[in-house]
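Coordinates from coords_19.cif are shown below (mmCIF, C-alpha atoms).
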data_model
loop_
_atom_site.group_PDB
_atom_site.id
_atom_site.type_symbol
_atom_site.label_atom_id
_atom_site.label_comp_id
_atom_site.auth_asym_id
_atom_site.auth_seq_id
_atom_site.Cartn_x
_atom_site.Cartn_y
_atom_site.Cartn_z
ATOM 1 C CA MET A 1 44.327 -15.033 -3.870
ATOM 2 C CA LYS A 2 44.444 -14.015 -0.210
ATOM 3 C CA ILE A 3 44.201 -17.199 1.889
ATOM 4 C CA GLY A 4 43.701 -17.207 5.628
ATOM 5 C CA PHE A 5 44.638 -20.091 7.916
ATOM 6 C CA LEU A 6 43.064 -20.760 11.289
ATOM 7 C CA GLY A 7 45.770 -23.288 12.113
ATOM 8 C CA ALA A 8 49.506 -23.263 11.533
ATOM 9 C CA GLY A 9 50.539 -26.726 12.578
ATOM 10 C CA GLU A 10 52.837 -28.852 10.462
ATOM 11 C CA MET A 11 50.148 -29.377 7.811
ATOM 12 C CA GLY A 12 48.674 -25.878 7.757
ATOM 13 C CA ALA A 13 52.050 -24.148 7.637
ATOM 14 C CA ALA A 14 53.323 -26.469 4.901
ATOM 15 C CA LEU A 15 50.230 -25.797 2.785
ATOM 16 C CA ALA A 16 50.686 -22.066 3.298
ATOM 17 C CA ARG A 17 54.366 -22.229 2.330
ATOM 18 C CA CYS A 18 53.604 -23.958 -0.970
ATOM 19 C CA LEU A 19 50.682 -21.649 -1.754
ATOM 20 C CA ALA A 20 52.810 -18.589 -0.942
ATOM 21 C CA ASP A 21 55.567 -19.889 -3.223
ATOM 22 C CA ALA A 22 52.926 -20.073 -5.973
ATOM 23 C CA GLY A 23 52.100 -16.384 -5.532
ATOM 24 C CA HIS A 24 49.199 -16.470 -3.105
ATOM 25 C CA ARG A 25 49.164 -14.284 0.003
ATOM 26 C CA CYS A 26 48.753 -16.492 3.094
ATOM 27 C CA LEU A 27 47.699 -14.949 6.389
ATOM 28 C CA ALA A 28 47.378 -16.077 10.011
ATOM 29 C CA VAL A 29 46.991 -14.682 13.526
ATOM 30 C CA PRO A 30 50.147 -15.238 15.622
ATOM 31 C CA HIS A 31 48.712 -13.748 18.829
ATOM 32 C CA GLY A 32 48.169 -16.362 21.514
ATOM 33 C CA ARG A 33 50.044 -19.069 19.638
ATOM 34 C CA SER A 34 53.060 -20.983 20.915
ATOM 35 C CA LEU A 35 56.604 -19.984 19.998
ATOM 36 C CA GLU A 36 56.897 -23.132 17.870
ATOM 37 C CA THR A 37 53.743 -22.200 15.953
ATOM 38 C CA ARG A 38 54.900 -18.625 15.441
ATOM 39 C CA ASP A 39 58.216 -19.931 14.137
ATOM 40 C CA ARG A 40 56.360 -22.159 11.657
ATOM 41 C CA MET A 41 54.316 -19.183 10.471
ATOM 42 C CA GLU A 42 57.449 -17.146 9.858
ATOM 43 C CA GLU A 43 59.242 -20.008 8.099
ATOM 44 C CA ALA A 44 56.193 -20.539 5.864
ATOM 45 C CA GLY A 45 56.104 -16.876 4.860
ATOM 46 C CA MET A 46 52.674 -16.354 6.403
ATOM 47 C CA VAL A 47 51.636 -12.730 6.777
ATOM 48 C CA PRO A 48 50.707 -11.917 10.390
ATOM 49 C CA VAL A 49 47.421 -10.153 11.117
ATOM 50 C CA PRO A 50 46.329 -8.933 14.556
ATOM 51 C CA ASP A 51 43.089 -10.833 15.075
ATOM 52 C CA LEU A 52 40.370 -13.040 13.586
ATOM 53 C CA ALA A 53 38.274 -10.069 12.494
ATOM 54 C CA THR A 54 41.156 -8.740 10.396
ATOM 55 C CA LEU A 55 41.829 -12.196 8.992
ATOM 56 C CA ILE A 56 38.229 -12.523 7.825
ATOM 57 C CA ALA A 57 38.100 -8.972 6.499
ATOM 58 C CA THR A 58 41.184 -9.650 4.370
ATOM 59 C CA ALA A 59 40.970 -13.250 3.168
ATOM 60 C CA ASP A 60 39.104 -14.508 0.106
ATOM 61 C CA CYS A 61 39.366 -18.083 1.340
ATOM 62 C CA LEU A 62 39.807 -19.368 4.888
ATOM 63 C CA PHE A 63 41.269 -22.811 5.650
ATOM 64 C CA SER A 64 40.492 -24.439 8.994
ATOM 65 C CA VAL A 65 43.300 -26.941 9.649
ATOM 66 C CA LEU A 66 43.234 -27.523 13.397
ATOM 67 C CA PRO A 67 43.237 -30.243 16.001
ATOM 68 C CA PRO A 68 39.785 -31.708 15.276
ATOM 69 C CA SER A 69 38.525 -31.064 18.802
ATOM 70 C CA ALA A 70 38.782 -27.313 18.083
ATOM 71 C CA ALA A 71 36.795 -27.379 14.830
ATOM 72 C CA ASP A 72 33.364 -26.557 16.261
ATOM 73 C CA GLU A 73 34.454 -23.663 18.466
ATOM 74 C CA GLU A 74 36.616 -22.032 15.814
ATOM 75 C CA ALA A 75 33.929 -22.364 13.159
ATOM 76 C CA GLY A 76 31.482 -20.693 15.532
ATOM 77 C CA ARG A 77 33.851 -17.749 15.992
ATOM 78 C CA VAL A 78 34.203 -17.440 12.218
ATOM 79 C CA VAL A 79 30.416 -17.507 11.727
ATOM 80 C CA GLU A 80 29.959 -14.629 14.177
ATOM 81 C CA ALA A 81 32.733 -12.553 12.599
ATOM 82 C CA VAL A 82 31.454 -13.173 9.078
ATOM 83 C CA ARG A 83 27.950 -12.064 10.013
ATOM 84 C CA GLU A 84 29.210 -8.929 11.737
ATOM 85 C CA GLN A 85 31.140 -7.958 8.622
ATOM 86 C CA ASP A 86 28.656 -9.374 6.088
ATOM 87 C CA ARG A 87 31.771 -10.804 4.458
ATOM 88 C CA ARG A 88 31.638 -13.192 1.538
ATOM 89 C CA LEU A 89 34.372 -15.821 1.660
ATOM 90 C CA VAL A 90 34.923 -19.530 1.163
ATOM 91 C CA PHE A 91 35.383 -21.418 4.430
ATOM 92 C CA VAL A 92 37.278 -24.676 3.878
ATOM 93 C CA GLU A 93 36.464 -27.045 6.741
ATOM 94 C CA ALA A 94 39.530 -29.284 6.412
ATOM 95 C CA ASN A 95 39.580 -30.856 9.863
ATOM 96 C CA ALA A 96 39.406 -34.582 10.595
ATOM 97 C CA ILE A 97 35.816 -34.651 11.814
ATOM 98 C CA ALA A 98 32.784 -36.838 11.242
ATOM 99 C CA PRO A 99 30.376 -35.987 8.399
ATOM 100 C CA GLY A 100 27.582 -35.337 10.880
ATOM 101 C CA ARG A 101 29.692 -32.695 12.611
ATOM 102 C CA VAL A 102 30.641 -30.920 9.388
ATOM 103 C CA ARG A 103 26.959 -30.809 8.377
ATOM 104 C CA ARG A 104 26.117 -29.153 11.693
ATOM 105 C CA ILE A 105 28.897 -26.625 11.126
ATOM 106 C CA ALA A 106 27.585 -25.971 7.606
ATOM 107 C CA GLU A 107 24.141 -25.229 9.049
ATOM 108 C CA LYS A 108 25.687 -22.441 11.140
ATOM 109 C CA PHE A 109 27.039 -20.841 7.965
ATOM 110 C CA ALA A 110 23.889 -21.376 5.884
ATOM 111 C CA PRO A 111 22.084 -18.100 6.676
ATOM 112 C CA GLY A 112 25.198 -15.974 6.178
ATOM 113 C CA PRO A 113 27.271 -14.749 3.238
ATOM 114 C CA ALA A 114 30.144 -17.253 3.629
ATOM 115 C CA ARG A 115 30.123 -20.575 1.802
ATOM 116 C CA LEU A 116 31.470 -23.781 3.324
ATOM 117 C CA VAL A 117 33.496 -26.398 1.461
ATOM 118 C CA ASP A 118 33.781 -29.802 3.113
ATOM 119 C CA ALA A 119 37.380 -31.023 2.857
ATOM 120 C CA GLY A 120 39.577 -33.868 4.019
ATOM 121 C CA ILE A 121 43.371 -33.909 3.748
ATOM 122 C CA VAL A 122 44.948 -37.275 2.989
ATOM 123 C CA GLY A 123 48.708 -37.680 3.084
ATOM 124 C CA ALA A 124 51.715 -36.025 4.671
ATOM 125 C CA PRO A 125 52.399 -32.261 4.547
ATOM 126 C CA PRO A 126 53.603 -31.190 1.101
ATOM 127 C CA SER A 127 57.284 -31.384 0.330
ATOM 128 C CA ARG A 128 59.462 -31.077 -2.755
ATOM 129 C CA SER A 129 58.771 -34.699 -3.633
ATOM 130 C CA SER A 130 55.099 -35.183 -2.782
ATOM 131 C CA ARG A 131 51.772 -33.490 -2.093
ATOM 132 C CA PRO A 132 48.753 -34.567 -0.073
ATOM 133 C CA ARG A 133 45.349 -34.952 -1.652
ATOM 134 C CA LEU A 134 42.583 -32.533 -0.712
ATOM 135 C CA PHE A 135 39.245 -34.290 -1.094
ATOM 136 C CA VAL A 136 36.425 -31.754 -1.295
ATOM 137 C CA SER A 137 32.670 -31.787 -1.610
ATOM 138 C CA GLY A 138 29.771 -29.356 -1.487
ATOM 139 C CA PRO A 139 28.101 -26.900 -3.866
ATOM 140 C CA GLU A 140 31.104 -24.535 -3.755
ATOM 141 C CA ALA A 141 33.854 -27.169 -3.941
ATOM 142 C CA GLU A 142 34.897 -26.346 -7.503
ATOM 143 C CA ARG A 143 35.840 -22.834 -6.390
ATOM 144 C CA LEU A 144 39.067 -24.355 -5.033
ATOM 145 C CA SER A 145 40.129 -25.518 -8.496
ATOM 146 C CA GLU A 146 42.473 -22.557 -8.947
ATOM 147 C CA LEU A 147 44.447 -23.761 -5.896
ATOM 148 C CA ASP A 148 44.979 -27.245 -7.326
ATOM 149 C CA GLY A 149 48.640 -28.163 -7.687
ATOM 150 C CA PRO A 150 51.140 -26.192 -5.595
ATOM 151 C CA ALA A 151 50.182 -27.491 -2.141
ATOM 152 C CA PHE A 152 47.769 -30.347 -2.801
ATOM 153 C CA ASP A 153 46.120 -32.361 -5.536
ATOM 154 C CA LEU A 154 42.415 -31.565 -5.545
ATOM 155 C CA ARG A 155 39.911 -34.426 -5.614
ATOM 156 C CA LEU A 156 36.258 -33.482 -6.215
ATOM 157 C CA LEU A 157 33.709 -35.788 -4.582
ATOM 158 C CA GLY A 158 30.431 -34.194 -5.560
ATOM 159 C CA PRO A 159 27.943 -31.595 -4.319
ATOM 160 C CA ASP A 160 27.059 -32.950 -0.871
ATOM 161 C CA ILE A 161 28.445 -31.595 2.393
ATOM 162 C CA GLY A 162 29.730 -34.530 4.440
ATOM 163 C CA THR A 163 31.081 -36.645 1.593
ATOM 164 C CA ALA A 164 34.674 -35.407 1.851
ATOM 165 C CA SER A 165 34.686 -35.747 5.637
ATOM 166 C CA ALA A 166 33.311 -39.271 5.352
ATOM 167 C CA PHE A 167 36.142 -40.135 2.971
ATOM 168 C CA LYS A 168 38.714 -38.756 5.406
ATOM 169 C CA MET A 169 37.196 -40.769 8.261
ATOM 170 C CA VAL A 170 37.159 -44.016 6.297
ATOM 171 C CA TYR A 171 40.735 -43.547 5.108
ATOM 172 C CA ALA A 172 42.099 -42.554 8.531
ATOM 173 C CA ALA A 173 40.236 -45.478 10.085
ATOM 174 C CA LEU A 174 42.652 -47.726 8.200
ATOM 175 C CA THR A 175 45.922 -45.775 8.388
ATOM 176 C CA LYS A 176 45.845 -44.410 11.929
ATOM 177 C CA GLY A 177 43.778 -47.338 13.141
ATOM 178 C CA ASN A 178 46.387 -49.738 11.773
ATOM 179 C CA ASN A 179 49.222 -47.915 13.534
ATOM 180 C CA THR A 180 47.258 -47.950 16.774
ATOM 181 C CA LEU A 181 46.556 -51.678 16.482
ATOM 182 C CA LEU A 182 50.255 -52.380 15.886
ATOM 183 C CA THR A 183 51.069 -50.377 19.015
ATOM 184 C CA ALA A 184 48.491 -52.296 21.049
ATOM 185 C CA VAL A 185 49.811 -55.672 19.840
ATOM 186 C CA LEU A 186 53.399 -54.794 20.711
ATOM 187 C CA LEU A 187 52.306 -53.510 24.108
ATOM 188 C CA ALA A 188 50.441 -56.750 24.758
ATOM 189 C CA GLY A 189 53.510 -58.757 23.789
ATOM 190 C CA GLU A 190 55.692 -56.694 26.120
ATOM 191 C CA ALA A 191 53.244 -56.959 29.027
ATOM 192 C CA ALA A 192 53.040 -60.737 28.547
ATOM 193 C CA GLY A 193 56.829 -61.138 28.424
ATOM 194 C CA LEU A 194 56.715 -62.253 24.800
ATOM 195 C CA SER A 195 58.387 -59.388 22.957
ATOM 196 C CA ASP A 196 61.366 -61.342 21.627
ATOM 197 C CA ALA A 197 59.246 -64.238 20.402
ATOM 198 C CA LEU A 198 56.693 -61.875 18.865
ATOM 199 C CA VAL A 199 59.282 -59.771 17.039
ATOM 200 C CA ARG A 200 61.062 -62.884 15.727
ATOM 201 C CA GLU A 201 57.815 -64.239 14.309
ATOM 202 C CA LEU A 202 56.772 -60.906 12.843
ATOM 203 C CA SER A 203 60.175 -60.478 11.187
ATOM 204 C CA SER A 204 59.668 -63.852 9.538
ATOM 205 C CA SER A 205 55.984 -63.848 8.648
ATOM 206 C CA GLN A 206 54.919 -60.158 8.743
ATOM 207 C CA ALA A 207 58.096 -58.242 7.928
ATOM 208 C CA GLN A 208 56.223 -55.380 6.281
ATOM 209 C CA LEU A 209 54.029 -54.834 9.336
ATOM 210 C CA LEU A 210 57.020 -54.983 11.658
ATOM 211 C CA ALA A 211 58.869 -52.399 9.565
ATOM 212 C CA LYS A 212 55.795 -50.184 9.667
ATOM 213 C CA ALA A 213 55.646 -50.482 13.454
ATOM 214 C CA GLU A 214 59.344 -49.706 13.832
ATOM 215 C CA THR A 215 58.872 -46.537 11.789
ATOM 216 C CA ASN A 216 55.568 -45.297 13.200
ATOM 217 C CA VAL A 217 55.345 -46.362 16.839
ATOM 218 C CA PRO A 218 58.073 -43.998 18.138
ATOM 219 C CA ARG A 219 56.450 -40.980 16.504
ATOM 220 C CA LEU A 220 52.829 -41.675 17.501
ATOM 221 C CA PRO A 221 53.012 -39.993 20.941
ATOM 222 C CA ALA A 222 53.776 -36.640 19.303
ATOM 223 C CA ASP A 223 50.404 -36.735 17.518
ATOM 224 C CA ALA A 224 48.342 -38.801 19.949
ATOM 225 C CA GLY A 225 46.854 -35.902 21.888
ATOM 226 C CA ARG A 226 45.033 -34.450 18.900
ATOM 227 C CA TRP A 227 44.194 -37.861 17.431
ATOM 228 C CA ILE A 228 42.127 -39.009 20.425
ATOM 229 C CA PHE A 229 39.214 -36.923 19.209
ATOM 230 C CA GLU A 230 39.740 -38.072 15.634
ATOM 231 C CA MET A 231 39.434 -41.729 16.660
ATOM 232 C CA GLN A 232 36.176 -40.888 18.418
ATOM 233 C CA GLU A 233 34.931 -39.122 15.293
ATOM 234 C CA ILE A 234 35.777 -42.213 13.244
ATOM 235 C CA ALA A 235 33.828 -44.346 15.708
ATOM 236 C CA ASP A 236 30.848 -41.986 15.358
ATOM 237 C CA THR A 237 31.110 -42.216 11.564
ATOM 238 C CA PHE A 238 31.142 -46.002 11.644
ATOM 239 C CA GLY A 239 28.176 -46.018 14.020
ATOM 240 C CA SER A 240 26.195 -43.759 11.682
ATOM 241 C CA LEU A 241 26.814 -46.305 8.915
ATOM 242 C CA GLY A 242 25.597 -49.227 11.013
ATOM 243 C CA LEU A 243 29.092 -50.589 11.659
ATOM 244 C CA PRO A 244 30.755 -51.500 14.998
ATOM 245 C CA THR A 245 32.371 -48.563 16.782
ATOM 246 C CA GLY A 246 34.587 -50.494 19.181
ATOM 247 C CA PHE A 247 37.665 -50.629 16.944
ATOM 248 C CA HIS A 248 38.265 -46.911 17.073
ATOM 249 C CA GLN A 249 36.955 -46.351 20.569
ATOM 250 C CA ALA A 250 39.785 -48.688 21.578
ATOM 251 C CA ALA A 251 42.145 -46.738 19.319
ATOM 252 C CA ALA A 252 41.172 -43.579 21.213
ATOM 253 C CA GLU A 253 42.138 -45.361 24.456
ATOM 254 C CA ILE A 254 45.563 -46.229 23.046
ATOM 255 C CA MET A 255 46.016 -42.621 21.903
ATOM 256 C CA THR A 256 45.072 -41.482 25.413
ATOM 257 C CA LEU A 257 47.736 -43.800 26.844
ATOM 258 C CA LEU A 258 50.351 -42.399 24.458
ATOM 259 C CA ALA A 259 49.370 -38.789 25.097
ATOM 260 C CA GLY A 260 49.599 -39.304 28.851
ATOM 261 C CA SER A 261 53.028 -40.945 28.728
ATOM 262 C CA GLU A 262 56.401 -39.304 29.246
ATOM 263 C CA PHE A 263 56.577 -38.985 25.464
ATOM 264 C CA GLY A 264 53.222 -37.209 25.189
ATOM 265 C CA SER A 265 54.693 -33.722 25.426
ATOM 266 C CA GLU A 266 56.767 -34.267 22.295
ATOM 267 C CA THR A 267 55.907 -32.539 19.038
ATOM 268 C CA ARG A 268 56.872 -33.542 15.530
ATOM 269 C CA ARG A 269 59.764 -31.120 15.803
ATOM 270 C CA THR A 270 60.961 -32.063 19.290
ATOM 271 C CA ARG A 271 60.447 -35.831 19.372
ATOM 272 C CA ASP A 272 63.450 -38.084 19.970
ATOM 273 C CA ARG A 273 64.237 -39.413 16.506
ATOM 274 C CA ASN A 274 66.763 -41.883 17.888
ATOM 275 C CA ARG A 275 64.263 -43.690 20.105
ATOM 276 C CA THR A 276 63.364 -47.092 18.717
ATOM 277 C CA ALA A 277 59.989 -48.792 18.675
ATOM 278 C CA ALA A 278 61.247 -51.313 21.224
ATOM 279 C CA GLU A 279 62.351 -48.570 23.618
ATOM 280 C CA THR A 280 59.049 -46.788 23.181
ATOM 281 C CA ILE A 281 57.024 -49.926 23.860
ATOM 282 C CA ARG A 282 59.084 -50.915 26.912
ATOM 283 C CA THR A 283 58.503 -47.535 28.513
ATOM 284 C CA LEU A 284 54.798 -47.419 27.639
ATOM 285 C CA ALA A 285 54.192 -50.936 28.932
ATOM 286 C CA ARG A 286 55.400 -49.969 32.395
ATOM 287 C CA ASN A 287 52.442 -47.586 32.620
ATOM 288 C CA LEU A 288 49.742 -50.065 31.617
ATOM 289 C CA PRO A 289 46.993 -50.132 34.258
ATOM 290 C CA GLY A 290 46.513 -53.867 33.673
ATOM 291 C CA GLU A 291 50.215 -54.769 33.611
ATOM 292 C CA THR A 292 50.717 -58.440 34.374
ATOM 293 C CA GLY A 293 54.013 -57.823 36.118
ATOM 294 C CA LYS A 294 55.835 -60.253 33.873
ATOM 295 C CA PRO A 295 59.339 -59.066 32.990
ATOM 296 C CA SER A 296 60.088 -58.260 29.389
ATOM 297 C CA SER A 297 61.796 -60.984 27.414
ATOM 298 C CA ARG A 298 63.974 -58.301 25.807
ATOM 299 C CA SER A 299 67.415 -57.643 27.133
ATOM 300 C CA THR A 300 68.020 -54.067 28.295
#

Take the structure in this file and express it as structure tokens.
Amino acid sequence: MKIGFLGAGEMGAALARCLADAGHRCLAVPHGRSLETRDRMEEAGMVPVPDLATLIATADCLFSVLPPSAADEEAGRVVEAVREQDRRLVFVEANAIAPGRVRRIAEKFAPGPARLVDAGIVGAPPSRSSRPRLFVSGPEAERLSELDGPAFDLRLLGPDIGTASAFKMVYAALTKGNNTLLTAVLLAGEAAGLSDALVRELSSSQAQLLAKAETNVPRLPADAGRWIFEMQEIADTFGSLGLPTGFHQAAAEIMTLLAGSEFGSETRRTRDRNRTAAETIRTLARNLPGETGKPSSRST
């Protein structure tokens, strides 16, 4: 199968690499992309094509794996190109967006020849030891069955557009929301001058949570910029279900703080892997708009 990718971030490129290894032809447009992205495309064995029109004219299936804030605009460009070419293809909307948004995107495709599959990726990019799960829904979802295995484990969630996106939102509400809450708690402890006491207690009574924070907090800034929108989409999803939205609106604020910090320009490839959670928190706390001015209880 010829598979096009609108995005070639860490996830998209890793999916393409595994699918290419399984014999599929994976394509992407390198023009206008960063050097890091172009390097990922080359490493993944993705076939370069000159523009979106060529990508759509060539691909049987098109995966949209982008920063979620770009999902609407890119889908709109695909809709226009598909209609101009009267091209039949499967458009896999695999971005972390709210079910209401994916339904609106599906409505744009409805009059045309392309068919949309609602999808949500859960898990880390595929590696030799593990694969993410691709949760899919919609009338055409079963058409992805032949891709099950090399890059992801397919999980069918029924015929309705929006179901897979809702699953992604609910799952990410816990995983990314939990990491954001841990960051906020450690920042509060640092700002209050209680870091040593807090870490001692956590190491005794919540060792698993502390270990999680020590692993995840230093790497959050590298992803925070594109996760701001995702937290807002989770809040919208919760609101549509009659649940409070404040949890993830606050998470979006923490992501904004991380993205605007001196670590916010890092990527997954360039981040400082030697920086500890404590060092990350100390630096971030100095930028808090409501800083109490209390010195950290940690020694430098």

Discussion item. I'd like to see the residues matched by the PyMOL selection byres ((chain A and resi 134) around 12) on this file, and ideally I'd get them as a ChimeraX atom specification.
Written reply: /A:11,15,63,65,92-96,117-126,131-133,135-137,141-142,144-145,147-157,164-165,167-168

Discussion item. Assuming the chain letters and numbering stay as they are in my file, what does the PyMOL selection byres ((chain A and resi 227-239) around 9) actually select? List them as a ChimeraX atom specification.
Written reply: /A:67-69,96-101,166,169-170,172-173,176-177,223-226,240-256,259

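Residues matching the PyMOL selection byres ((chain A and resi 139) around 7) in this structure come to Gly138, Glu140, Ala141, Pro159 and Asp160 of chain A.
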
Skip Gly112 (chain A) itself and residues of its chain fewer than 2 positions away, then list as a compact mmCIF listing (two decimals) with C-alpha atoms, in the coordinates of the input all residues within 12 Å of it, counting only C-alpha atoms.
# COMPACT_ATOMS: atom_id res chain seq x y z
CA VAL A 78 34.20 -17.44 12.22
CA VAL A 79 30.42 -17.51 11.73
CA GLU A 80 29.96 -14.63 14.18
CA ALA A 81 32.73 -12.55 12.60
CA VAL A 82 31.45 -13.17 9.08
CA ARG A 83 27.95 -12.06 10.01
CA GLU A 84 29.21 -8.93 11.74
CA GLN A 85 31.14 -7.96 8.62
CA ASP A 86 28.66 -9.37 6.09
CA ARG A 87 31.77 -10.80 4.46
CA ARG A 88 31.64 -13.19 1.54
CA LEU A 89 34.37 -15.82 1.66
CA VAL A 90 34.92 -19.53 1.16
CA PHE A 91 35.38 -21.42 4.43
CA ALA A 106 27.58 -25.97 7.61
CA GLU A 107 24.14 -25.23 9.05
CA LYS A 108 25.69 -22.44 11.14
CA PHE A 109 27.04 -20.84 7.96
CA ALA A 110 23.89 -21.38 5.88
CA ALA A 114 30.14 -17.25 3.63
CA ARG A 115 30.12 -20.58 1.80
CA LEU A 116 31.47 -23.78 3.32

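Between CA of Pro111 (chain A) and CA of Gly76 (chain A) there is a distance of 13.2 Å.
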
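Across the structure, CA of Ala192 (chain A) and CA of Arg219 (chain A) are spaced 23.4 Å apart.
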
Determine, counting all atoms listed in the file, which protein, DNA and RNA residues have an atom within 6 Å of an atom of Gly264 (chain A); residues of the same chain fewer than 4 positions away are not included. Present the result as an mmCIF file with C-alpha atoms, keeping the file's coordinate frame.
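Once written, result.cif looks like this:
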data_model
loop_
_atom_site.group_PDB
_atom_site.id
_atom_site.type_symbol
_atom_site.label_atom_id
_atom_site.label_comp_id
_atom_site.auth_asym_id
_atom_site.auth_seq_id
_atom_site.Cartn_x
_atom_site.Cartn_y
_atom_site.Cartn_z
ATOM 1 C CA PRO A 221 53.012 -39.993 20.941
ATOM 2 C CA ALA A 222 53.776 -36.640 19.303
ATOM 3 C CA LEU A 258 50.351 -42.399 24.458
ATOM 4 C CA ALA A 259 49.370 -38.789 25.097
ATOM 5 C CA GLY A 260 49.599 -39.304 28.851
#

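Atom pair CA of Leu220 (chain A) / CA of Ala188 (chain A): separated by 16.9 Å.
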
Worksheet, complete the sentence: Min atom-atom distance to Leu288 (chain A) from the set A:Glu73, A:Asp196, A:Glu190, A:Glu42, counting all atoms listed in the file, belongs to A:Glu190

Coordinates of box centre and edge lengths for region 20-25 of chain A, 6 Å on every side, axis-aligned, as AutoDock Vina command-line options:
--center_x 52.4 --center_y -17.2 --center_z -3.0 --size_x 18.4 --size_y 17.8 --size_z 18.0

Would you please take region 197-255 of chain A of the structure in the block above and write C-alpha atoms to a file as a PDB file, in the first residue's frame?
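So out10.pdb came out as:
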ATOM      1  CA  ALA A 197      10.409  18.113  52.880  1.00  0.00           C
ATOM      2  CA  LEU A 198       8.070  17.309  49.992  1.00  0.00           C
ATOM      3  CA  VAL A 199      10.539  15.019  48.224  1.00  0.00           C
ATOM      4  CA  ARG A 200      11.369  13.203  51.480  1.00  0.00           C
ATOM      5  CA  GLU A 201       7.694  12.524  52.130  1.00  0.00           C
ATOM      6  CA  LEU A 202       6.997  11.478  48.556  1.00  0.00           C
ATOM      7  CA  SER A 203       9.969   9.096  48.590  1.00  0.00           C
ATOM      8  CA  SER A 204       8.486   7.474  51.677  1.00  0.00           C
ATOM      9  CA  SER A 205       4.765   7.464  50.961  1.00  0.00           C
ATOM     10  CA  GLN A 206       4.458   7.955  47.163  1.00  0.00           C
ATOM     11  CA  ALA A 207       7.679   6.503  45.765  1.00  0.00           C
ATOM     12  CA  GLN A 208       6.059   5.454  42.496  1.00  0.00           C
ATOM     13  CA  LEU A 209       4.736   8.955  41.832  1.00  0.00           C
ATOM     14  CA  LEU A 210       8.084  10.511  42.689  1.00  0.00           C
ATOM     15  CA  ALA A 211       9.876   8.153  40.300  1.00  0.00           C
ATOM     16  CA  LYS A 212       7.372   9.056  37.602  1.00  0.00           C
ATOM     17  CA  ALA A 213       8.009  12.759  38.182  1.00  0.00           C
ATOM     18  CA  GLU A 214      11.778  12.299  38.092  1.00  0.00           C
ATOM     19  CA  THR A 215      11.469  10.553  34.732  1.00  0.00           C
ATOM     20  CA  ASN A 216       8.851  12.742  33.059  1.00  0.00           C
ATOM     21  CA  VAL A 217       9.242  16.286  34.366  1.00  0.00           C
ATOM     22  CA  PRO A 218      12.583  17.012  32.626  1.00  0.00           C
ATOM     23  CA  ARG A 219      11.235  15.925  29.248  1.00  0.00           C
ATOM     24  CA  LEU A 220       7.859  17.706  29.385  1.00  0.00           C
ATOM     25  CA  PRO A 221       9.109  21.075  28.051  1.00  0.00           C
ATOM     26  CA  ALA A 222      10.107  19.443  24.757  1.00  0.00           C
ATOM     27  CA  ASP A 223       6.468  18.487  24.119  1.00  0.00           C
ATOM     28  CA  ALA A 224       4.644  21.243  25.990  1.00  0.00           C
ATOM     29  CA  GLY A 225       4.191  23.592  23.047  1.00  0.00           C
ATOM     30  CA  ARG A 226       2.062  21.171  21.060  1.00  0.00           C
ATOM     31  CA  TRP A 227       0.294  19.798  24.141  1.00  0.00           C
ATOM     32  CA  ILE A 228      -1.239  23.141  25.156  1.00  0.00           C
ATOM     33  CA  PHE A 229      -3.904  22.721  22.504  1.00  0.00           C
ATOM     34  CA  GLU A 230      -4.405  19.078  23.427  1.00  0.00           C
ATOM     35  CA  MET A 231      -5.158  19.997  27.049  1.00  0.00           C
ATOM     36  CA  GLN A 232      -7.730  22.496  25.804  1.00  0.00           C
ATOM     37  CA  GLU A 233      -9.281  19.820  23.597  1.00  0.00           C
ATOM     38  CA  ILE A 234      -9.503  17.506  26.607  1.00  0.00           C
ATOM     39  CA  ALA A 235     -11.225  20.266  28.566  1.00  0.00           C
ATOM     40  CA  ASP A 236     -13.711  20.714  25.705  1.00  0.00           C
ATOM     41  CA  THR A 237     -14.341  16.957  25.662  1.00  0.00           C
ATOM     42  CA  PHE A 238     -15.003  16.873  29.391  1.00  0.00           C
ATOM     43  CA  GLY A 239     -17.320  19.870  29.089  1.00  0.00           C
ATOM     44  CA  SER A 240     -19.308  18.150  26.335  1.00  0.00           C
ATOM     45  CA  LEU A 241     -19.805  15.214  28.713  1.00  0.00           C
ATOM     46  CA  GLY A 242     -21.054  17.415  31.542  1.00  0.00           C
ATOM     47  CA  LEU A 243     -17.822  17.176  33.538  1.00  0.00           C
ATOM     48  CA  PRO A 244     -15.664  19.998  34.997  1.00  0.00           C
ATOM     49  CA  THR A 245     -13.172  21.476  32.542  1.00  0.00           C
ATOM     50  CA  GLY A 246     -10.884  23.214  35.018  1.00  0.00           C
ATOM     51  CA  PHE A 247      -8.457  20.320  35.499  1.00  0.00           C
ATOM     52  CA  HIS A 248      -7.157  20.457  31.966  1.00  0.00           C
ATOM     53  CA  GLN A 249      -7.534  24.182  31.478  1.00  0.00           C
ATOM     54  CA  ALA A 250      -5.041  24.410  34.345  1.00  0.00           C
ATOM     55  CA  ALA A 251      -2.915  21.746  32.654  1.00  0.00           C
ATOM     56  CA  ALA A 252      -2.835  23.942  29.542  1.00  0.00           C
ATOM     57  CA  GLU A 253      -1.529  26.796  31.726  1.00  0.00           C
ATOM     58  CA  ILE A 254       1.275  24.595  33.054  1.00  0.00           C
ATOM     59  CA  MET A 255       2.132  23.527  29.497  1.00  0.00           C
TER      60      MET A 255
END
